[in-house]
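For reference, final-v6.cif (mmCIF, C-alpha atoms, pLDDT in the B column; chains and numbers go by the auth columns):
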```
data_input
loop_
_atom_site.group_PDB
_atom_site.id
_atom_site.type_symbol
_atom_site.label_atom_id
_atom_site.label_comp_id
_atom_site.label_asym_id
_atom_site.label_seq_id
_atom_site.Cartn_x
_atom_site.Cartn_y
_atom_site.Cartn_z
_atom_site.B_iso_or_equiv
_atom_site.auth_seq_id
_atom_site.auth_asym_id
ATOM 1 C CA MET A 1 0.000 0.000 0.000 60.00 29 A
ATOM 2 C CA ILE A 2 2.845 2.377 0.879 61.00 30 A
ATOM 3 C CA ILE A 3 4.558 1.630 -2.463 64.00 31 A
ATOM 4 C CA ILE A 4 1.354 2.459 -4.360 63.00 32 A
ATOM 5 C CA ILE A 5 1.018 5.774 -2.514 66.00 33 A
ATOM 6 C CA ILE A 6 4.642 6.634 -3.331 74.00 34 A
ATOM 7 C CA ILE A 7 4.131 5.838 -7.040 71.00 35 A
ATOM 8 C CA ILE A 8 0.973 7.979 -7.158 78.00 36 A
ATOM 9 C CA TYR A 9 2.860 10.819 -5.479 80.00 37 A
ATOM 10 C CA HIS A 10 5.730 10.545 -7.973 87.00 38 A
ATOM 11 C CA MET A 11 3.272 10.596 -10.888 93.00 39 A
ATOM 12 C CA LYS A 12 1.667 13.779 -9.556 93.00 40 A
ATOM 13 C CA MET A 13 5.102 15.362 -9.171 94.00 41 A
ATOM 14 C CA LEU A 14 5.928 14.481 -12.790 97.00 42 A
ATOM 15 C CA ILE A 15 2.665 15.994 -14.035 97.00 43 A
ATOM 16 C CA ASN A 16 3.381 19.133 -12.006 97.00 44 A
ATOM 17 C CA GLN A 17 6.806 19.403 -13.639 97.00 45 A
ATOM 18 C CA LEU A 18 5.282 19.019 -17.108 98.00 46 A
ATOM 19 C CA LEU A 19 2.752 21.731 -16.289 97.00 47 A
ATOM 20 C CA SER A 20 5.483 24.022 -14.960 97.00 48 A
ATOM 21 C CA VAL A 21 7.277 24.182 -18.330 97.00 49 A
ATOM 22 C CA ALA A 22 4.063 24.792 -20.309 98.00 50 A
ATOM 23 C CA GLY A 23 2.841 28.233 -21.260 97.00 51 A
ATOM 24 C CA ASP A 24 -0.581 29.725 -20.577 98.00 52 A
ATOM 25 C CA TYR A 25 -2.534 30.784 -23.658 98.00 53 A
ATOM 26 C CA LYS A 26 -6.119 31.719 -24.405 98.00 54 A
ATOM 27 C CA ILE A 27 -8.082 28.778 -25.786 98.00 55 A
ATOM 28 C CA LYS A 28 -9.754 29.304 -29.152 98.00 56 A
ATOM 29 C CA GLU A 29 -11.375 25.915 -29.791 98.00 57 A
ATOM 30 C CA VAL A 30 -11.761 22.481 -28.197 98.00 58 A
ATOM 31 C CA ILE A 31 -12.809 19.416 -30.188 98.00 59 A
ATOM 32 C CA ILE A 32 -13.444 16.161 -28.317 97.00 60 A
ATOM 33 C CA GLY A 33 -13.419 13.722 -31.204 96.00 61 A
ATOM 34 C CA THR A 34 -14.335 10.057 -31.300 94.00 62 A
ATOM 35 C CA PHE A 35 -10.713 8.933 -31.065 96.00 63 A
ATOM 36 C CA ASP A 36 -8.642 12.030 -30.311 98.00 64 A
ATOM 37 C CA ILE A 37 -8.984 15.471 -28.729 98.00 65 A
ATOM 38 C CA GLY A 38 -7.750 18.733 -30.204 98.00 66 A
ATOM 39 C CA VAL A 39 -7.108 21.939 -28.266 98.00 67 A
ATOM 40 C CA LEU A 40 -6.337 25.081 -30.257 98.00 68 A
ATOM 41 C CA ASN A 41 -4.969 28.123 -28.458 98.00 69 A
ATOM 42 C CA THR A 42 -3.572 31.452 -29.639 98.00 70 A
ATOM 43 C CA LYS A 43 -0.119 29.865 -30.116 97.00 71 A
ATOM 44 C CA LYS A 44 -0.676 26.379 -31.531 97.00 72 A
ATOM 45 C CA CYS A 45 -2.801 23.224 -31.508 98.00 73 A
ATOM 46 C CA GLY A 46 -2.208 20.085 -29.467 98.00 74 A
ATOM 47 C CA ILE A 47 -3.800 16.647 -29.503 98.00 75 A
ATOM 48 C CA ALA A 48 -4.125 13.582 -27.304 98.00 76 A
ATOM 49 C CA THR A 49 -5.951 10.275 -27.400 97.00 77 A
ATOM 50 C CA SER A 50 -9.553 10.429 -26.227 96.00 78 A
ATOM 51 C CA MET A 51 -9.814 7.879 -23.397 95.00 79 A
ATOM 52 C CA ARG A 52 -13.066 7.052 -21.643 89.00 80 A
ATOM 53 C CA ASP A 53 -14.302 5.347 -18.490 81.00 81 A
ATOM 54 C CA PHE A 54 -16.497 2.568 -19.834 69.00 82 A
ATOM 55 C CA GLY A 55 -19.004 0.793 -17.641 61.00 83 A
ATOM 56 C CA VAL A 56 -19.393 3.694 -15.245 64.00 84 A
ATOM 57 C CA LYS A 57 -22.651 3.401 -13.325 65.00 85 A
ATOM 58 C CA GLY A 58 -25.052 6.169 -14.276 63.00 86 A
ATOM 59 C CA GLY A 59 -23.133 7.053 -17.453 66.00 87 A
ATOM 60 C CA HIS A 60 -19.992 9.078 -18.045 73.00 88 A
ATOM 61 C CA PRO A 61 -19.419 11.836 -15.451 81.00 89 A
ATOM 62 C CA ALA A 62 -19.769 15.397 -16.760 85.00 90 A
ATOM 63 C CA LEU A 63 -16.520 17.252 -17.370 92.00 91 A
ATOM 64 C CA LYS A 64 -15.687 20.306 -15.267 94.00 92 A
ATOM 65 C CA ASN A 65 -16.643 23.597 -16.962 94.00 93 A
ATOM 66 C CA LEU A 66 -18.417 21.737 -19.751 94.00 94 A
ATOM 67 C CA GLY A 67 -19.491 24.223 -22.428 94.00 95 A
ATOM 68 C CA ASN A 68 -17.060 26.883 -21.233 96.00 96 A
ATOM 69 C CA PHE A 69 -13.673 25.589 -22.355 97.00 97 A
ATOM 70 C CA GLU A 70 -13.194 28.435 -24.848 96.00 98 A
ATOM 71 C CA SER A 71 -13.426 30.962 -22.013 97.00 99 A
ATOM 72 C CA MET A 72 -10.461 29.333 -20.262 98.00 100 A
ATOM 73 C CA THR A 73 -6.701 29.437 -20.750 98.00 101 A
ATOM 74 C CA THR A 74 -4.533 26.384 -21.300 98.00 102 A
ATOM 75 C CA ARG A 75 -2.959 26.180 -17.828 98.00 103 A
ATOM 76 C CA PRO A 76 -6.139 25.401 -15.850 98.00 104 A
ATOM 77 C CA LEU A 77 -7.338 23.090 -18.630 98.00 105 A
ATOM 78 C CA ALA A 78 -3.983 21.276 -18.705 98.00 106 A
ATOM 79 C CA ASN A 79 -4.421 20.697 -14.960 98.00 107 A
ATOM 80 C CA TYR A 80 -7.230 18.312 -15.922 98.00 108 A
ATOM 81 C CA LEU A 81 -4.419 15.850 -16.651 98.00 109 A
ATOM 82 C CA LYS A 82 -4.426 15.146 -12.904 97.00 110 A
ATOM 83 C CA SER A 83 -8.062 13.989 -13.006 96.00 111 A
ATOM 84 C CA ASP A 84 -9.035 10.376 -12.336 93.00 112 A
ATOM 85 C CA ILE A 85 -11.768 10.744 -14.982 93.00 113 A
ATOM 86 C CA LEU A 86 -10.092 9.474 -18.140 95.00 114 A
ATOM 87 C CA LEU A 87 -11.825 11.806 -20.599 95.00 115 A
ATOM 88 C CA GLU A 88 -11.052 14.777 -18.380 96.00 116 A
ATOM 89 C CA ALA A 89 -7.389 13.728 -18.136 97.00 117 A
ATOM 90 C CA SER A 90 -7.333 13.248 -21.935 98.00 118 A
ATOM 91 C CA LEU A 91 -8.524 16.812 -22.390 98.00 119 A
ATOM 92 C CA GLY A 92 -5.817 17.947 -19.995 98.00 120 A
ATOM 93 C CA ALA A 93 -3.186 16.073 -22.029 98.00 121 A
ATOM 94 C CA ALA A 94 -4.295 17.791 -25.242 98.00 122 A
ATOM 95 C CA ALA A 95 -4.210 21.190 -23.516 98.00 123 A
ATOM 96 C CA LEU A 96 -0.731 20.445 -22.161 98.00 124 A
ATOM 97 C CA ASN A 97 0.524 19.395 -25.596 98.00 125 A
ATOM 98 C CA SER A 98 -0.851 22.613 -27.069 98.00 126 A
ATOM 99 C CA SER A 99 1.099 24.749 -24.622 98.00 127 A
ATOM 100 C CA LEU A 100 4.496 23.044 -24.344 98.00 128 A
ATOM 101 C CA PRO A 101 7.467 24.992 -25.770 97.00 129 A
ATOM 102 C CA GLU A 102 8.156 24.195 -29.411 96.00 130 A
ATOM 103 C CA ILE A 103 11.173 21.990 -30.150 96.00 131 A
ATOM 104 C CA ASP A 104 13.883 23.432 -32.385 96.00 132 A
ATOM 105 C CA GLU A 105 13.576 22.043 -35.897 95.00 133 A
ATOM 106 C CA GLU A 106 17.128 20.659 -35.931 95.00 134 A
ATOM 107 C CA LYS A 107 16.293 18.457 -32.943 96.00 135 A
ATOM 108 C CA LEU A 108 13.268 16.889 -34.647 95.00 136 A
ATOM 109 C CA LYS A 109 13.737 13.601 -36.467 91.00 137 A
ATOM 110 C CA SER A 110 11.302 12.198 -39.021 85.00 138 A
ATOM 111 C CA ILE A 111 12.160 8.556 -38.283 88.00 139 A
ATOM 112 C CA ASN A 112 9.080 6.336 -38.121 88.00 140 A
ATOM 113 C CA ALA A 113 8.303 5.046 -34.624 92.00 141 A
ATOM 114 C CA SER A 114 8.123 1.442 -35.857 92.00 142 A
ATOM 115 C CA GLU A 115 11.585 1.761 -37.422 93.00 143 A
ATOM 116 C CA LEU A 116 12.991 3.078 -34.158 95.00 144 A
ATOM 117 C CA VAL A 117 11.369 0.244 -32.203 96.00 145 A
ATOM 118 C CA ILE A 118 12.776 -2.404 -34.561 95.00 146 A
ATOM 119 C CA LYS A 119 16.213 -0.749 -34.569 95.00 147 A
ATOM 120 C CA HIS A 120 16.515 -0.946 -30.783 96.00 148 A
ATOM 121 C CA GLY A 121 14.574 -4.192 -30.367 96.00 149 A
ATOM 122 C CA GLU A 122 16.225 -6.376 -33.032 96.00 150 A
ATOM 123 C CA GLY A 123 17.071 -9.752 -31.448 97.00 151 A
ATOM 124 C CA LYS A 124 16.301 -8.484 -27.944 97.00 152 A
ATOM 125 C CA ASN A 125 13.594 -8.850 -25.326 98.00 153 A
ATOM 126 C CA VAL A 126 10.909 -6.210 -25.847 98.00 154 A
ATOM 127 C CA GLY A 127 7.958 -5.076 -23.755 98.00 155 A
ATOM 128 C CA VAL A 128 5.162 -3.052 -25.368 97.00 156 A
ATOM 129 C CA ILE A 129 2.493 -1.290 -23.311 96.00 157 A
ATOM 130 C CA GLY A 130 -0.402 -0.456 -25.610 91.00 158 A
ATOM 131 C CA HIS A 131 -1.922 -1.559 -28.919 87.00 159 A
ATOM 132 C CA PHE A 132 0.204 -0.609 -31.935 91.00 160 A
ATOM 133 C CA PRO A 133 0.034 -1.644 -35.629 88.00 161 A
ATOM 134 C CA PHE A 134 3.728 -2.627 -35.760 92.00 162 A
ATOM 135 C CA ILE A 135 3.317 -5.537 -33.330 92.00 163 A
ATOM 136 C CA LYS A 136 3.083 -8.227 -36.052 89.00 164 A
ATOM 137 C CA LYS A 137 6.232 -6.969 -37.775 91.00 165 A
ATOM 138 C CA LEU A 138 8.035 -6.705 -34.443 93.00 166 A
ATOM 139 C CA LYS A 139 7.295 -10.311 -33.474 91.00 167 A
ATOM 140 C CA LYS A 140 9.492 -11.578 -36.314 91.00 168 A
ATOM 141 C CA ARG A 141 12.478 -9.444 -35.359 95.00 169 A
ATOM 142 C CA VAL A 142 12.852 -9.827 -31.579 96.00 170 A
ATOM 143 C CA ASN A 143 13.892 -12.549 -29.163 97.00 171 A
ATOM 144 C CA LYS A 144 10.964 -12.273 -26.734 97.00 172 A
ATOM 145 C CA LEU A 145 7.962 -9.982 -27.035 97.00 173 A
ATOM 146 C CA TYR A 146 5.619 -9.123 -24.180 97.00 174 A
ATOM 147 C CA VAL A 147 2.586 -7.029 -25.112 97.00 175 A
ATOM 148 C CA PHE A 148 0.405 -5.586 -22.364 96.00 176 A
ATOM 149 C CA GLY A 149 -3.096 -4.312 -23.025 90.00 177 A
ATOM 150 C CA LYS A 150 -6.136 -3.174 -21.070 85.00 178 A
ATOM 151 C CA PRO A 151 -8.196 -5.076 -21.789 82.00 179 A
ATOM 152 C CA PRO A 152 -5.651 -7.564 -23.166 85.00 180 A
ATOM 153 C CA LEU A 153 -6.358 -8.780 -26.701 86.00 181 A
ATOM 154 C CA LYS A 154 -5.572 -12.315 -27.853 87.00 182 A
ATOM 155 C CA GLY A 155 -1.939 -13.111 -27.109 87.00 183 A
ATOM 156 C CA GLU A 156 -1.505 -10.068 -24.841 91.00 184 A
ATOM 157 C CA LEU A 157 -0.881 -9.849 -21.116 95.00 185 A
ATOM 158 C CA PRO A 158 -2.875 -7.842 -18.549 94.00 186 A
ATOM 159 C CA PRO A 159 -1.175 -4.865 -16.845 94.00 187 A
ATOM 160 C CA GLU A 160 -0.993 -6.908 -13.628 94.00 188 A
ATOM 161 C CA LYS A 161 1.776 -8.982 -15.264 96.00 189 A
ATOM 162 C CA GLU A 162 4.045 -5.988 -15.984 97.00 190 A
ATOM 163 C CA SER A 163 5.963 -6.393 -12.726 96.00 191 A
ATOM 164 C CA LEU A 164 6.704 -9.995 -13.691 97.00 192 A
ATOM 165 C CA TYR A 165 7.945 -9.514 -17.260 98.00 193 A
ATOM 166 C CA LEU A 166 9.163 -5.913 -17.701 98.00 194 A
ATOM 167 C CA PRO A 167 12.367 -6.439 -15.662 98.00 195 A
ATOM 168 C CA ASP A 168 13.368 -8.914 -18.425 97.00 196 A
ATOM 169 C CA VAL A 169 13.139 -6.444 -21.329 98.00 197 A
ATOM 170 C CA ASP A 170 15.956 -4.604 -23.089 98.00 198 A
ATOM 171 C CA LEU A 171 13.492 -2.257 -24.794 98.00 199 A
ATOM 172 C CA ALA A 172 10.305 -0.829 -23.286 98.00 200 A
ATOM 173 C CA VAL A 173 7.768 0.773 -25.637 98.00 201 A
ATOM 174 C CA ILE A 174 5.201 2.792 -23.677 98.00 202 A
ATOM 175 C CA SER A 175 2.057 4.458 -24.959 97.00 203 A
ATOM 176 C CA GLY A 176 1.685 8.169 -24.274 97.00 204 A
ATOM 177 C CA THR A 177 -1.712 7.336 -22.770 97.00 205 A
ATOM 178 C CA SER A 178 0.230 6.215 -19.679 97.00 206 A
ATOM 179 C CA PHE A 179 0.237 9.905 -18.713 98.00 207 A
ATOM 180 C CA ILE A 180 -3.555 10.042 -19.027 97.00 208 A
ATOM 181 C CA ASN A 181 -4.248 6.945 -16.931 96.00 209 A
ATOM 182 C CA HIS A 182 -1.340 7.852 -14.593 96.00 210 A
ATOM 183 C CA THR A 183 0.526 4.551 -15.019 96.00 211 A
ATOM 184 C CA PHE A 184 3.817 5.871 -16.452 97.00 212 A
ATOM 185 C CA ARG A 185 5.747 6.022 -13.175 96.00 213 A
ATOM 186 C CA GLU A 186 4.517 2.592 -12.109 95.00 214 A
ATOM 187 C CA ILE A 187 5.571 1.085 -15.447 97.00 215 A
ATOM 188 C CA MET A 188 9.007 2.670 -15.137 97.00 216 A
ATOM 189 C CA GLU A 189 9.418 1.117 -11.687 95.00 217 A
ATOM 190 C CA TYR A 190 9.601 -2.296 -13.396 97.00 218 A
ATOM 191 C CA VAL A 191 11.901 -1.305 -16.273 98.00 219 A
ATOM 192 C CA ARG A 192 15.644 -1.808 -15.791 97.00 220 A
ATOM 193 C CA ASP A 193 17.838 1.303 -15.739 96.00 221 A
ATOM 194 C CA ASP A 194 19.861 0.021 -18.704 97.00 222 A
ATOM 195 C CA ALA A 195 16.786 -0.679 -20.884 98.00 223 A
ATOM 196 C CA TYR A 196 16.027 1.631 -23.814 98.00 224 A
ATOM 197 C CA VAL A 197 12.686 3.392 -23.337 98.00 225 A
ATOM 198 C CA ILE A 198 10.492 4.782 -26.120 98.00 226 A
ATOM 199 C CA VAL A 199 7.289 6.717 -25.389 98.00 227 A
ATOM 200 C CA LEU A 200 5.031 7.152 -28.397 97.00 228 A
ATOM 201 C CA GLY A 201 1.608 8.170 -29.611 96.00 229 A
ATOM 202 C CA PRO A 202 -0.391 11.391 -29.953 97.00 230 A
ATOM 203 C CA SER A 203 -0.623 11.812 -26.179 98.00 231 A
ATOM 204 C CA ALA A 204 3.152 11.738 -25.654 98.00 232 A
ATOM 205 C CA PRO A 205 4.328 15.128 -24.314 98.00 233 A
ATOM 206 C CA LEU A 206 7.123 16.346 -26.612 98.00 234 A
ATOM 207 C CA THR A 207 9.413 17.777 -23.969 98.00 235 A
ATOM 208 C CA PRO A 208 12.987 16.944 -22.875 97.00 236 A
ATOM 209 C CA VAL A 209 11.696 16.940 -19.284 97.00 237 A
ATOM 210 C CA LEU A 210 10.929 13.239 -19.749 98.00 238 A
ATOM 211 C CA PHE A 211 14.570 12.439 -20.498 98.00 239 A
ATOM 212 C CA ASP A 212 15.211 12.975 -16.778 96.00 240 A
ATOM 213 C CA TYR A 213 12.725 10.176 -16.021 96.00 241 A
ATOM 214 C CA GLY A 214 14.419 7.362 -17.917 97.00 242 A
ATOM 215 C CA VAL A 215 12.962 8.022 -21.388 98.00 243 A
ATOM 216 C CA ASP A 216 15.403 7.740 -24.310 98.00 244 A
ATOM 217 C CA ALA A 217 13.127 8.652 -27.229 98.00 245 A
ATOM 218 C CA LEU A 218 9.793 10.426 -27.658 98.00 246 A
ATOM 219 C CA CYS A 219 7.723 9.768 -30.777 97.00 247 A
ATOM 220 C CA GLY A 220 4.943 12.327 -30.788 97.00 248 A
ATOM 221 C CA THR A 221 2.772 14.531 -32.963 97.00 249 A
ATOM 222 C CA ILE A 222 3.010 18.116 -34.139 97.00 250 A
ATOM 223 C CA VAL A 223 -0.011 19.807 -35.703 97.00 251 A
ATOM 224 C CA LYS A 224 0.945 21.349 -39.063 96.00 252 A
ATOM 225 C CA SER A 225 -2.510 22.660 -39.974 98.00 253 A
ATOM 226 C CA SER A 226 -4.896 23.197 -37.072 98.00 254 A
ATOM 227 C CA ALA A 227 -7.834 23.977 -39.388 97.00 255 A
ATOM 228 C CA THR A 228 -7.390 20.715 -41.294 98.00 256 A
ATOM 229 C CA LEU A 229 -6.784 18.589 -38.214 98.00 257 A
ATOM 230 C CA LEU A 230 -9.762 19.972 -36.286 98.00 258 A
ATOM 231 C CA LYS A 231 -12.023 19.451 -39.305 97.00 259 A
ATOM 232 C CA TYR A 232 -11.036 15.777 -39.456 98.00 260 A
ATOM 233 C CA LEU A 233 -11.528 15.421 -35.698 97.00 261 A
ATOM 234 C CA LYS A 234 -15.071 16.775 -36.085 96.00 262 A
ATOM 235 C CA HIS A 235 -15.702 14.153 -38.748 97.00 263 A
ATOM 236 C CA GLY A 236 -14.689 11.298 -36.434 95.00 264 A
ATOM 237 C CA ALA A 237 -11.357 10.446 -38.064 97.00 265 A
ATOM 238 C CA THR A 238 -9.096 7.876 -36.445 96.00 266 A
ATOM 239 C CA PHE A 239 -5.571 9.023 -35.648 96.00 267 A
ATOM 240 C CA ARG A 240 -4.274 7.192 -38.727 95.00 268 A
ATOM 241 C CA ASP A 241 -6.696 9.119 -40.960 97.00 269 A
ATOM 242 C CA LEU A 242 -6.103 12.527 -39.382 97.00 270 A
ATOM 243 C CA LYS A 243 -4.779 15.111 -41.828 98.00 271 A
ATOM 244 C CA GLY A 244 -2.772 18.158 -40.815 97.00 272 A
ATOM 245 C CA LYS A 245 -0.410 16.311 -38.469 97.00 273 A
ATOM 246 C CA ARG A 246 3.310 15.567 -38.505 96.00 274 A
ATOM 247 C CA LEU A 247 4.894 12.607 -36.730 96.00 275 A
ATOM 248 C CA VAL A 248 8.242 13.445 -35.166 97.00 276 A
ATOM 249 C CA THR A 249 10.829 11.954 -32.827 97.00 277 A
ATOM 250 C CA ILE A 250 13.186 13.546 -30.332 97.00 278 A
ATOM 251 C CA THR A 251 15.926 11.581 -28.589 97.00 279 A
ATOM 252 C CA LYS A 252 17.863 12.035 -25.377 96.00 280 A
ATOM 253 C CA GLU A 253 21.195 12.279 -27.144 92.00 281 A
ATOM 254 C CA GLY A 254 19.817 15.250 -29.099 82.00 282 A
ATOM 255 C CA PHE A 255 19.616 17.243 -25.864 87.00 283 A
#
```

Rewrite the structure from the file as structure tokens, please.
Amino acid sequence: MIIIIIIIYHMKMLINQLLSVAGDYKIKEVIIGTFDIGVLNTKKCGIATSMRDFGVKGGHPALKNLGNFESMTTRPLANYLKSDILLEASLGAAALNSSLPEIDEEKLKSINASELVIKHGEGKNVGVIGHFPFIKKLKKRVNKLYVFGKPPLKGELPPEKESLYLPDVDLAVISGTSFINHTFREIMEYVRDDAYVIVLGPSAPLTPVLFDYGVDALCGTIVKSSATLLKYLKHGATFRDLKGKRLVTITKEGF
């Protein structure tokens, strides 16, 4: 019980540090799409995966300040990332991503996340937290592959098994949604210090702050055209079908 409390505390401290480096801008538009959320402010647009609490008795709880997001600034909305309501935390993640300092262009790499995963996982033991399309390709290239999902799909392991298998991996691939459901610090407790760690997905905060927490590479998303991206979000596009985005990678050695 004490260990759980410590992990929760450390996760809150990490979120506070992420919030401390973010700016505070007036919000222009918020789109809570079927699969992803977009937050547009006076500086730029940010996105994150739209996670939900399914099976909640009485239906999904109402979000704080519902209907008034455009009258807010990004800092209080980004604080929603601390919420235990998944959709609220998802909105907070999108607001955070919209207000983080931009990364210098020379530090951005256009390498595909799957290529990076295969490069560092070739012939090694790999643990993947989340559902990703490169899993089938990865299986043929690694020594051992442990995939954790909630709920676990066929051939996957439940999160409860992470403490058993993650200490064995040389490469840990962690979904950016681990910041939304507050599991990132717990996952990292099981990963060896010498393992290579990749955090990826639209929810991944693109900030070098995470390099101080054992992350080696961040594969995230930059919005190139907010008008295009928000239009596709309104039309229920999946992340794969979203237009107006750019997939980028930053690595620890680049900082």

Hey, which bits of range 222-243 of chain A sit within 9 Å of range 44-53 of chain A, and for each residue what's the closest pair of atoms and how far apart in Å (one decimal), counting all atoms listed in the file, rows by chain and increasing number, as JSON lines?
```
{"residue": "A:Pro233", "atom": "CA", "partner": "A:Leu46", "partner_atom": "CA", "distance": 8.2}
{"residue": "A:Thr235", "atom": "CA", "partner": "A:Leu46", "partner_atom": "CA", "distance": 8.1}
{"residue": "A:Val237", "atom": "CA", "partner": "A:Leu46", "partner_atom": "CA", "distance": 7.1}
{"residue": "A:Leu238", "atom": "CA", "partner": "A:Leu46", "partner_atom": "CA", "distance": 8.5}
```

Residue with the minimum atom-to-atom distance to His210 in chain A, picked from A:Met39, A:Leu185, A:Ile75, A:Leu124 with only C-alpha atoms counted, is A:Met39

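Look at everything within 10 Å of (11.0, -0.3, -13.1) using only C-alpha atoms, and the residues you get are Glu190, Ser191, Leu194, Pro195, Arg213, Glu214, Ile215, Met216, Glu217, Tyr218, Val219, Arg220, Asp221, Ala223 and Gly242 of chain A.
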
Hits from the PyMOL selection byres ((chain A and resi 236) around 10), listed as a ChimeraX atom specification: /A:46,131,233-235,237-241,243-246,278-280,282-283

Can you list every residue of range 206-262 of chain A that has an atom at most 12 Å from range 68-73 of chain A, with its nearest atom pair and the distance in Å to one decimal, using only C-alpha atoms, ordered by chain then number, as a tab-separated table?
```
residue	atom	partner	partner_atom	distance
A:Thr249	CA	A:Cys73	CA	10.4
A:Ile250	CA	A:Cys73	CA	8.2
A:Val251	CA	A:Cys73	CA	6.1
A:Lys252	CA	A:Cys73	CA	8.6
A:Ser253	CA	A:Cys73	CA	8.5
A:Ser254	CA	A:Cys73	CA	5.9
A:Ala255	CA	A:Leu68	CA	9.3
A:Thr256	CA	A:Cys73	CA	11.1
A:Leu257	CA	A:Cys73	CA	9.1
A:Leu258	CA	A:Leu68	CA	8.6
```

Output of the above residues as a CSV table (one decimal), in the frame of the given file, restricted to C-alpha atoms:
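again_26.csv, written as the output of this step:
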```csv
chain,number,residue,atom,x,y,z
A,249,THR,CA,2.8,14.5,-33.0
A,250,ILE,CA,3.0,18.1,-34.1
A,251,VAL,CA,0.0,19.8,-35.7
A,252,LYS,CA,0.9,21.3,-39.1
A,253,SER,CA,-2.5,22.7,-40.0
A,254,SER,CA,-4.9,23.2,-37.1
A,255,ALA,CA,-7.8,24.0,-39.4
A,256,THR,CA,-7.4,20.7,-41.3
A,257,LEU,CA,-6.8,18.6,-38.2
A,258,LEU,CA,-9.8,20.0,-36.3
```

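Restricting the calculation to all atoms listed in the file, the smallest distance between Tyr193 in chain A and any of A:Ser138, A:Asn153, A:Thr102, A:Thr77 is found for A:Asn153.
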
| task | Could you expand the PyMOL selection byres ((chain A and resi 232) around 9) into the explicit residues it covers here, written as a ChimeraX atom specification? | result | /A:76,121,125,203-207,227-231,233-235,246-249

Go ahead and fit an axis-aligned box to every listed atom of range 194-201 of chain A plus 5 Å each side, and pass me the centre and edge lengths in Å, one decimal, as lines of an AutoDock Vina configuration file.
```
center_x = 11.9
center_y = -4.1
center_z = -20.6
size_x = 18.2
size_y = 19.7
size_z = 20.0
```

Complete range 42-57 of chain A with N, CA and C atoms (output as a PDB file, in the frame of the given file).
```pdb
ATOM      1  N   LEU A  42       5.547  14.423 -11.379  1.00 97.00           N
ATOM      2  CA  LEU A  42       5.928  14.481 -12.790  1.00 97.00           C
ATOM      3  C   LEU A  42       4.959  15.358 -13.573  1.00 97.00           C
ATOM      4  N   ILE A  43       3.662  15.170 -13.343  1.00 97.00           N
ATOM      5  CA  ILE A  43       2.665  15.994 -14.035  1.00 97.00           C
ATOM      6  C   ILE A  43       2.866  17.464 -13.686  1.00 97.00           C
ATOM      7  N   ASN A  44       3.139  17.750 -12.418  1.00 97.00           N
ATOM      8  CA  ASN A  44       3.381  19.133 -12.006  1.00 97.00           C
ATOM      9  C   ASN A  44       4.593  19.723 -12.732  1.00 97.00           C
ATOM     10  N   GLN A  45       5.623  18.904 -12.943  1.00 97.00           N
ATOM     11  CA  GLN A  45       6.806  19.403 -13.639  1.00 97.00           C
ATOM     12  C   GLN A  45       6.486  19.670 -15.107  1.00 97.00           C
ATOM     13  N   LEU A  46       5.694  18.790 -15.723  1.00 98.00           N
ATOM     14  CA  LEU A  46       5.282  19.019 -17.108  1.00 98.00           C
ATOM     15  C   LEU A  46       4.474  20.306 -17.225  1.00 98.00           C
ATOM     16  N   LEU A  47       3.572  20.521 -16.281  1.00 97.00           N
ATOM     17  CA  LEU A  47       2.752  21.731 -16.289  1.00 97.00           C
ATOM     18  C   LEU A  47       3.593  22.981 -16.069  1.00 97.00           C
ATOM     19  N   SER A  48       4.660  22.851 -15.298  1.00 97.00           N
ATOM     20  CA  SER A  48       5.483  24.022 -14.960  1.00 97.00           C
ATOM     21  C   SER A  48       6.256  24.560 -16.161  1.00 97.00           C
ATOM     22  N   VAL A  49       6.525  23.711 -17.160  1.00 97.00           N
ATOM     23  CA  VAL A  49       7.277  24.182 -18.330  1.00 97.00           C
ATOM     24  C   VAL A  49       6.351  24.625 -19.458  1.00 97.00           C
ATOM     25  N   ALA A  50       5.037  24.408 -19.288  1.00 98.00           N
ATOM     26  CA  ALA A  50       4.063  24.792 -20.309  1.00 98.00           C
ATOM     27  C   ALA A  50       3.672  26.256 -20.166  1.00 98.00           C
ATOM     28  N   GLY A  51       3.299  26.857 -21.285  1.00 97.00           N
ATOM     29  CA  GLY A  51       2.841  28.233 -21.260  1.00 97.00           C
ATOM     30  C   GLY A  51       1.360  28.308 -20.900  1.00 97.00           C
ATOM     31  N   ASP A  52       0.834  29.529 -20.875  1.00 98.00           N
ATOM     32  CA  ASP A  52      -0.581  29.725 -20.577  1.00 98.00           C
ATOM     33  C   ASP A  52      -1.171  30.640 -21.656  1.00 98.00           C
ATOM     34  N   TYR A  53      -2.006  30.059 -22.495  1.00 98.00           N
ATOM     35  CA  TYR A  53      -2.534  30.784 -23.658  1.00 98.00           C
ATOM     36  C   TYR A  53      -4.059  30.704 -23.680  1.00 98.00           C
ATOM     37  N   LYS A  54      -4.654  31.702 -24.280  1.00 98.00           N
ATOM     38  CA  LYS A  54      -6.119  31.719 -24.405  1.00 98.00           C
ATOM     39  C   LYS A  54      -6.560  30.626 -25.366  1.00 98.00           C
ATOM     40  N   ILE A  55      -7.565  29.867 -24.960  1.00 98.00           N
ATOM     41  CA  ILE A  55      -8.082  28.778 -25.786  1.00 98.00           C
ATOM     42  C   ILE A  55      -9.058  29.321 -26.828  1.00 98.00           C
ATOM     43  N   LYS A  56      -8.886  28.866 -28.061  1.00 98.00           N
ATOM     44  CA  LYS A  56      -9.754  29.304 -29.152  1.00 98.00           C
ATOM     45  C   LYS A  56     -10.814  28.252 -29.497  1.00 98.00           C
ATOM     46  N   GLU A  57     -10.421  26.972 -29.424  1.00 98.00           N
ATOM     47  CA  GLU A  57     -11.375  25.915 -29.791  1.00 98.00           C
ATOM     48  C   GLU A  57     -10.969  24.589 -29.159  1.00 98.00           C
TER      49      GLU A  57
END
```
